[in-house]
file run_19.txt (compact mmCIF, C-alpha atoms)
# COMPACT_ATOMS: atom_id res chain seq x y z
CA MET A 97 163.54 87.60 89.53
CA ASP A 98 164.04 90.45 92.03
CA GLU A 99 164.20 92.98 89.24
CA ILE A 100 161.06 91.58 87.56
CA LYS A 101 159.22 91.56 90.84
CA GLY A 102 160.34 95.10 91.55
CA ASP A 103 159.17 96.28 88.14
CA ARG A 104 155.86 94.52 88.54
CA PHE A 105 155.01 96.31 91.77
CA ARG A 106 156.54 99.70 90.98
CA VAL A 107 153.73 102.29 90.93
CA ARG A 108 154.13 105.70 89.40
CA ARG A 109 152.36 108.86 90.58
CA ARG A 110 150.78 109.40 87.16
CA GLU A 111 149.27 105.89 87.23
CA VAL A 112 147.73 106.52 90.66
CA LEU A 113 146.16 109.79 89.50
CA THR A 114 144.85 108.17 86.31
CA ALA A 115 143.28 105.27 88.24
CA GLY A 116 141.70 107.70 90.73
CA ALA A 117 140.17 109.79 87.96
CA ALA A 118 138.74 106.69 86.31
CA ALA A 119 137.20 105.51 89.58
CA ALA A 120 135.63 108.91 90.16
CA ALA A 121 134.18 108.95 86.66
CA LEU A 122 132.71 105.49 87.24
CA CYS A 123 131.09 106.59 90.49
CA PHE A 124 129.36 109.55 88.92
CA THR A 125 128.51 108.22 85.45
CA GLY A 126 129.02 104.51 85.20
CA LEU A 127 126.77 103.13 87.98
CA PRO A 128 123.14 102.12 87.38
CA ALA A 129 120.51 104.81 87.93
CA VAL A 130 119.09 103.00 90.98
CA ALA A 131 122.47 103.12 92.71
CA GLN A 132 122.98 106.81 91.88
CA ASP A 133 119.51 107.69 93.19
CA SER A 134 119.75 105.55 96.33
CA GLY A 135 118.63 108.51 98.45
CA ARG A 136 115.19 108.46 96.86
CA PRO A 137 112.57 105.72 97.28
CA ASP A 138 112.35 103.31 94.38
CA ALA A 139 108.98 103.57 92.62
CA GLU A 140 108.76 99.78 92.53
CA THR A 141 109.08 99.49 96.34
CA THR A 142 106.83 102.41 97.33
CA PRO A 143 103.67 100.87 98.86
CA GLY A 144 100.38 101.48 97.09
CA PRO A 145 97.20 102.70 98.77
CA VAL A 146 95.10 100.40 100.94
CA THR A 147 91.38 100.52 101.62
CA VAL A 148 90.46 101.10 105.25
CA GLU A 149 86.93 101.03 106.65
CA LEU A 150 86.36 102.95 109.87
CA GLN A 151 83.29 103.68 111.96
CA VAL A 152 84.00 107.22 113.15
CA ASN A 153 81.57 108.86 115.56
CA GLY A 154 78.85 106.47 114.42
CA GLN A 155 79.37 107.12 110.70
CA PRO A 156 80.94 104.61 108.29
CA TYR A 157 83.85 105.76 106.14
CA VAL A 158 85.82 103.97 103.44
CA LEU A 159 89.22 105.55 102.92
CA SER A 160 92.00 104.94 100.41
CA LEU A 161 95.19 105.57 102.37
CA ASP A 162 98.91 105.20 102.16
CA PRO A 163 99.50 102.24 104.51
CA ARG A 164 101.90 104.43 106.52
CA THR A 165 99.14 106.92 107.42
CA THR A 166 98.59 107.24 111.15
CA LEU A 167 95.10 107.15 112.58
CA LEU A 168 95.58 110.77 113.65
CA ASP A 169 96.42 111.91 110.12
CA ALA A 170 93.52 109.90 108.71
CA LEU A 171 91.14 111.72 111.05
CA ARG A 172 92.61 115.18 110.53
CA GLU A 173 93.70 115.16 106.89
CA HIS A 174 91.17 112.80 105.31
CA LEU A 175 88.03 113.30 107.42
CA ALA A 176 88.62 116.93 108.50
CA LEU A 177 88.08 115.97 112.17
CA THR A 178 90.65 118.38 113.55
CA GLY A 179 89.54 118.22 117.19
CA SER A 180 92.20 115.59 117.82
CA LYS A 181 95.43 117.58 117.99
CA LYS A 182 98.93 116.76 116.81
CA GLY A 183 101.08 117.88 119.71
CA CYS A 184 104.34 115.96 120.03
CA ASP A 185 103.53 113.28 117.39
CA GLN A 186 105.47 110.86 119.62
CA GLY A 187 102.82 109.64 122.08
CA GLN A 188 104.13 111.77 124.94
CA CYS A 189 101.56 114.57 125.32
CA GLY A 190 98.18 112.85 124.83
CA ALA A 191 96.66 115.68 122.74
CA CYS A 192 95.72 113.14 120.06
CA THR A 193 93.84 110.76 122.38
CA VAL A 194 90.71 109.14 120.92
CA VAL A 195 88.55 106.23 122.06
CA LEU A 196 88.93 103.11 119.91
CA ASP A 197 86.41 100.32 120.53
CA GLY A 198 85.95 101.66 124.05
CA ARG A 199 89.66 102.01 124.89
CA ARG A 200 91.61 105.27 124.83
CA ILE A 201 94.68 105.34 122.61
CA ASN A 202 97.20 107.81 121.24
CA SER A 203 96.14 108.10 117.61
CA CYS A 204 99.55 109.40 116.53
CA LEU A 205 101.22 106.09 117.45
CA THR A 206 99.05 103.71 115.45
CA LEU A 207 98.41 103.20 111.76
CA ALA A 208 94.89 103.63 110.41
CA ALA A 209 95.24 100.38 108.43
CA MET A 210 95.66 98.47 111.70
CA HIS A 211 92.11 99.35 112.75
CA ASP A 212 90.11 98.36 109.69
CA GLY A 213 86.49 97.78 110.72
CA GLN A 214 86.86 99.28 114.19
CA ALA A 215 84.90 102.11 115.84
CA VAL A 216 86.58 105.41 116.70
CA THR A 217 85.14 108.17 118.86
CA THR A 218 86.75 111.60 118.70
CA ILE A 219 85.94 114.76 120.63
CA GLU A 220 83.49 115.66 117.86
CA GLY A 221 81.47 112.52 118.57
CA LEU A 222 81.00 112.82 122.33
CA ALA A 223 78.06 115.25 122.29
CA ASP A 224 74.60 113.74 121.72
CA SER A 225 72.35 115.70 119.35
CA GLY A 226 73.79 119.00 120.50
CA THR A 227 73.81 118.06 124.20
CA LEU A 228 77.29 118.10 125.67
CA HIS A 229 78.74 114.95 127.13
CA PRO A 230 78.85 115.17 130.97
CA MET A 231 82.64 115.31 130.81
CA GLN A 232 82.56 118.21 128.38
CA ALA A 233 80.06 120.08 130.56
CA ALA A 234 82.17 119.45 133.66
CA PHE A 235 85.32 120.77 131.98
CA ILE A 236 83.46 123.97 131.12
CA GLU A 237 82.00 124.35 134.60
CA HIS A 238 85.34 123.81 136.35
CA ASP A 239 87.40 125.73 133.80
CA GLY A 240 89.44 122.62 133.04
CA PHE A 241 91.27 124.27 130.15
CA GLN A 242 93.10 127.46 129.29
CA CYS A 243 94.65 127.52 125.81
CA GLY A 244 92.49 124.53 124.91
CA TYR A 245 95.06 122.68 122.80
CA CYS A 246 95.18 119.62 125.04
CA THR A 247 91.49 119.71 125.98
CA SER A 248 90.11 117.31 123.37
CA GLY A 249 92.69 114.70 124.34
CA GLN A 250 92.09 115.32 128.04
CA ILE A 251 88.32 114.84 127.68
CA CYS A 252 88.59 111.73 125.49
CA SER A 253 91.16 110.26 127.87
CA ALA A 254 89.02 111.08 130.90
CA THR A 255 85.93 109.36 129.45
CA GLY A 256 87.98 106.28 128.63
CA MET A 257 89.61 106.37 132.06
CA LEU A 258 86.23 106.38 133.82
CA ASP A 259 85.15 103.34 131.80
CA GLU A 260 88.37 101.56 132.78
CA SER A 261 87.79 102.42 136.43
CA ARG A 262 84.19 101.18 136.33
CA ALA A 263 85.44 97.93 134.82
CA GLY A 264 87.71 97.46 137.84
CA MET A 265 91.04 98.06 136.09
CA PRO A 266 93.68 99.07 138.67
CA SER A 267 96.37 101.70 138.20
CA TYR A 268 99.96 101.88 139.38
CA VAL A 269 98.88 103.57 142.62
CA THR A 270 95.86 101.36 143.42
CA LYS A 271 96.38 100.12 146.96
CA ASN A 272 93.78 97.35 147.16
CA LEU A 273 93.89 95.17 144.06
CA ALA A 274 91.10 93.00 145.46
CA GLN A 275 88.60 95.86 145.14
CA ALA A 276 86.05 95.29 142.43
CA ARG A 277 86.12 99.00 141.69
CA PRO A 278 89.12 101.11 142.79
CA GLU A 279 88.22 104.33 144.56
CA LEU A 280 88.82 107.35 142.36
CA THR A 281 90.82 109.54 144.69
CA ASP A 282 92.70 112.59 143.46
CA VAL A 283 95.89 110.51 143.41
CA GLU A 284 94.20 107.79 141.34
CA ILE A 285 92.84 110.31 138.84
CA ARG A 286 96.18 112.06 138.47
CA GLU A 287 97.98 108.76 137.90
CA ARG A 288 95.41 107.53 135.40
CA MET A 289 95.55 110.84 133.50
CA SER A 290 99.34 111.16 133.63
CA GLY A 291 99.64 110.46 129.91
CA ASN A 292 97.88 113.74 129.12
CA ILE A 293 99.97 116.87 129.57
CA CYS A 294 98.46 120.32 130.15
CA ARG A 295 101.15 122.89 129.53
CA CYS A 296 98.90 125.56 131.05
CA ALA A 297 98.89 123.48 134.29
CA ALA A 298 95.11 123.38 134.76
CA TYR A 299 95.45 120.03 136.54
CA PRO A 300 93.44 120.86 139.72
CA ASN A 301 90.51 121.98 137.58
CA ILE A 302 90.79 118.90 135.37
CA VAL A 303 90.69 116.62 138.41
CA ALA A 304 87.64 118.47 139.74
CA ALA A 305 85.88 118.15 136.37
CA ILE A 306 86.56 114.40 136.21
CA LYS A 307 85.26 113.91 139.75
CA GLN A 308 82.05 115.73 138.90
CA ALA A 309 81.55 113.67 135.75
CA ALA A 310 82.12 110.53 137.84
CA GLY A 311 79.48 111.63 140.38
CA LEU A 312 82.03 112.23 143.14
CA PRO A 313 82.19 115.22 145.47
CA THR A 314 84.57 117.87 144.22

call {"tool": "encode", "arguments": {"input": "run_19.txt", "output": "structure tokens"}}
result
Amino acid sequence: MDEIKGDRFRVRRREVLTAGAAAAALCFTGLPAVAQDSGRPDAETTPGPVTVELQVNGQPYVLSLDPRTTLLDALREHLALTGSKKGCDQGQCGACTVVLDGRRINSCLTLAAMHDGQAVTTIEGLADSGTLHPMQAAFIEHDGFQCGYCTSGQICSATGMLDESRAGMPSYVTKNLAQARPELTDVEIRERMSGNICRCAAYPNIVAAIKQAAGLPT
């Protein structure tokens, strides 16, 4: 019995090499195509286009989009509204800020398909029949921009921020939460605009422009 058992479990070097070669051949030629191409998306699981209706700057649009398309890419790539900028594409710089149904959002962080039927205002839609929005005019007057890359997001964010303030929404630095309308001090404005980065550091001018647009002394 010991001899039979020993023979049964005796493994030769040639047998190991032969088994290894067979396994390698199976890995490269014998597996199904789906398994071999696992690094590529399967055509059967790739999502098809969806229809999205958006009201952008007062105009209705019906778009056929990949469901993974962000709102920012829908605006820039499908509607050629390139005023909204793709800065970090991670929601950290605010260059892509637009106003959605009256609330400011980072358009790079949300899918267009999530906002079917909603109204979007971009920097291109703020002016009224060629007349600049008060916030746009104030930014020009106070030189609230230098390179200009962040400006569209700054202006859209500032208009949304003023609406939030008028509605009585407090910020992290609001001292009196019982106030119906928090006072827009420089500290309040800076806190409320902290999601919008200006790499040129034109922050004092931006604050002054917002105060003018809000009817406050600058």

call {"tool": "residues_around", "arguments": {"input": "run_19.txt", "residues": "Val146 of chain A", "least_positions_apart": "6", "cutoff": "6 Å", "atoms": "only C-alpha atoms", "output": "PyMOL selection string"}}
result
chain A and resi 160-161+163

call {"tool": "residues_around", "arguments": {"input": "run_19.txt", "residues": "Thr217 of chain A", "least_positions_apart": "2", "cutoff": "10 Å", "atoms": "only C-alpha atoms", "output": "list in words"}}
result
Gln151, Val152, Asn153, Gly154, Thr193, Val194, Val195, Leu196, Asp197, Gly198, Arg199, Arg200, Ala215, Ile219, Glu220, Gly221, Leu222 and Cys252 of chain A

call {"tool": "closest_atom_pairs", "arguments": {"input": "run_19.txt", "of": "segment 199-298 of chain A", "to": "segment 164-172 of chain A", "cutoff": "10 Å", "atoms": "only C-alpha atoms", "output": "Markdown table"}}
result
| residue | atom | partner | partner_atom | distance |
| --- | --- | --- | --- | --- |
| A:Asn202 | CA | A:Leu168 | CA | 8.3 |
| A:Ser203 | CA | A:Leu168 | CA | 4.8 |
| A:Cys204 | CA | A:Leu168 | CA | 5.1 |
| A:Leu205 | CA | A:Thr166 | CA | 6.9 |
| A:Thr206 | CA | A:Thr166 | CA | 5.6 |
| A:Leu207 | CA | A:Thr166 | CA | 4.1 |
| A:Ala208 | CA | A:Leu167 | CA | 4.1 |
| A:Ala209 | CA | A:Thr165 | CA | 7.7 |
| A:Met210 | CA | A:Leu167 | CA | 8.7 |
| A:His211 | CA | A:Leu167 | CA | 8.4 |
| A:Val216 | CA | A:Leu171 | CA | 9.6 |
| A:Thr218 | CA | A:Leu171 | CA | 8.8 |

call {"tool": "closest_residue", "arguments": {"input": "run_19.txt", "among": "A:Gly256, A:Gly291, A:Gly240, A:Pro230", "to": "Gln308 of chain A", "atoms": "all atoms listed in the file"}}
result
A:Pro230

call {"tool": "residues_near_point", "arguments": {"input": "run_19.txt", "point": "(86.5, 120.0, 136.7)", "cutoff": "6 Å", "atoms": "only C-alpha atoms", "output": "NGL selection string"}}
result
:A and (234-235 or 238 or 240 or 301-306)

call {"tool": "residues_around", "arguments": {"input": "run_19.txt", "residues": "Asp162 of chain A", "least_positions_apart": "5", "cutoff": "8 Å", "atoms": "all atoms listed in the file", "output": "tab-separated table (two decimals) with C-alpha atoms, in the frame of the given file"}}
result
chain	number	residue	atom	x	y	z
A	143	PRO	CA	103.67	100.87	98.86
A	144	GLY	CA	100.38	101.48	97.09
A	145	PRO	CA	97.20	102.70	98.77
A	146	VAL	CA	95.10	100.40	100.94

call {"tool": "build_atoms", "arguments": {"input": "run_19.txt", "residues": "segment 190-210 of chain A", "atoms": "N, CA, C and O atoms", "output": "mmCIF file, in the frame of the given file"}}
result
data_model
loop_
_atom_site.group_PDB
_atom_site.id
_atom_site.type_symbol
_atom_site.label_atom_id
_atom_site.label_comp_id
_atom_site.auth_asym_id
_atom_site.auth_seq_id
_atom_site.Cartn_x
_atom_site.Cartn_y
_atom_site.Cartn_z
ATOM 1 N N GLY A 190 99.565 113.270 124.689
ATOM 2 C CA GLY A 190 98.180 112.850 124.830
ATOM 3 C C GLY A 190 97.160 113.732 124.123
ATOM 4 O O GLY A 190 95.961 113.475 124.214
ATOM 5 N N ALA A 191 97.605 114.779 123.412
ATOM 6 C CA ALA A 191 96.660 115.680 122.740
ATOM 7 C C ALA A 191 95.872 114.983 121.638
ATOM 8 O O ALA A 191 94.803 115.458 121.241
ATOM 9 N N CYS A 192 96.372 113.860 121.158
ATOM 10 C CA CYS A 192 95.720 113.140 120.060
ATOM 11 C C CYS A 192 94.824 112.001 120.537
ATOM 12 O O CYS A 192 94.342 111.212 119.713
ATOM 13 N N THR A 193 94.579 111.904 121.830
ATOM 14 C CA THR A 193 93.840 110.760 122.380
ATOM 15 C C THR A 193 92.435 110.659 121.798
ATOM 16 O O THR A 193 91.691 111.638 121.738
ATOM 17 N N VAL A 194 92.078 109.460 121.353
ATOM 18 C CA VAL A 194 90.710 109.140 120.920
ATOM 19 C C VAL A 194 90.313 107.837 121.612
ATOM 20 O O VAL A 194 91.131 107.179 122.252
ATOM 21 N N VAL A 195 89.051 107.484 121.475
ATOM 22 C CA VAL A 195 88.550 106.230 122.060
ATOM 23 C C VAL A 195 88.314 105.243 120.919
ATOM 24 O O VAL A 195 87.535 105.510 120.005
ATOM 25 N N LEU A 196 89.015 104.123 120.965
ATOM 26 C CA LEU A 196 88.930 103.110 119.910
ATOM 27 C C LEU A 196 88.317 101.846 120.491
ATOM 28 O O LEU A 196 88.905 101.203 121.375
ATOM 29 N N ASP A 197 87.122 101.503 120.002
ATOM 30 C CA ASP A 197 86.410 100.320 120.530
ATOM 31 C C ASP A 197 86.357 100.341 122.057
ATOM 32 O O ASP A 197 86.584 99.325 122.722
ATOM 33 N N GLY A 198 86.110 101.537 122.610
ATOM 34 C CA GLY A 198 85.950 101.660 124.050
ATOM 35 C C GLY A 198 87.221 101.858 124.842
ATOM 36 O O GLY A 198 87.156 102.046 126.054
ATOM 37 N N ARG A 199 88.375 101.829 124.192
ATOM 38 C CA ARG A 199 89.660 102.010 124.890
ATOM 39 C C ARG A 199 90.357 103.253 124.368
ATOM 40 O O ARG A 199 90.404 103.487 123.167
ATOM 41 N N ARG A 200 90.902 104.049 125.242
ATOM 42 C CA ARG A 200 91.610 105.270 124.830
ATOM 43 C C ARG A 200 92.992 104.918 124.287
ATOM 44 O O ARG A 200 93.695 104.072 124.841
ATOM 45 N N ILE A 201 93.371 105.580 123.221
ATOM 46 C CA ILE A 201 94.680 105.340 122.610
ATOM 47 C C ILE A 201 95.245 106.663 122.095
ATOM 48 O O ILE A 201 94.508 107.625 121.873
ATOM 49 N N ASN A 202 96.551 106.681 121.904
ATOM 50 C CA ASN A 202 97.200 107.810 121.240
ATOM 51 C C ASN A 202 97.133 107.553 119.730
ATOM 52 O O ASN A 202 97.797 106.640 119.218
ATOM 53 N N SER A 203 96.361 108.367 119.035
ATOM 54 C CA SER A 203 96.140 108.100 117.610
ATOM 55 C C SER A 203 97.356 108.414 116.759
ATOM 56 O O SER A 203 97.406 108.005 115.591
ATOM 57 N N CYS A 204 98.355 109.114 117.319
ATOM 58 C CA CYS A 204 99.550 109.400 116.530
ATOM 59 C C CYS A 204 100.498 108.215 116.480
ATOM 60 O O CYS A 204 101.428 108.198 115.663
ATOM 61 N N LEU A 205 100.290 107.226 117.350
ATOM 62 C CA LEU A 205 101.220 106.090 117.450
ATOM 63 C C LEU A 205 100.733 104.837 116.746
ATOM 64 O O LEU A 205 101.393 103.806 116.826
ATOM 65 N N THR A 206 99.598 104.912 116.080
ATOM 66 C CA THR A 206 99.050 103.710 115.450
ATOM 67 C C THR A 206 98.651 104.016 114.023
ATOM 68 O O THR A 206 98.274 105.148 113.696
ATOM 69 N N LEU A 207 98.759 103.026 113.166
ATOM 70 C CA LEU A 207 98.410 103.200 111.760
ATOM 71 C C LEU A 207 96.914 102.973 111.555
ATOM 72 O O LEU A 207 96.327 102.064 112.150
ATOM 73 N N ALA A 208 96.320 103.772 110.690
ATOM 74 C CA ALA A 208 94.890 103.630 110.410
ATOM 75 C C ALA A 208 94.576 102.234 109.867
ATOM 76 O O ALA A 208 93.547 101.641 110.192
ATOM 77 N N ALA A 209 95.483 101.691 109.043
ATOM 78 C CA ALA A 209 95.240 100.380 108.430
ATOM 79 C C ALA A 209 95.169 99.263 109.457
ATOM 80 O O ALA A 209 94.609 98.195 109.177
ATOM 81 N N MET A 210 95.702 99.484 110.650
ATOM 82 C CA MET A 210 95.660 98.470 111.700
ATOM 83 C C MET A 210 94.284 98.355 112.330
ATOM 84 O O MET A 210 94.023 97.412 113.080
#
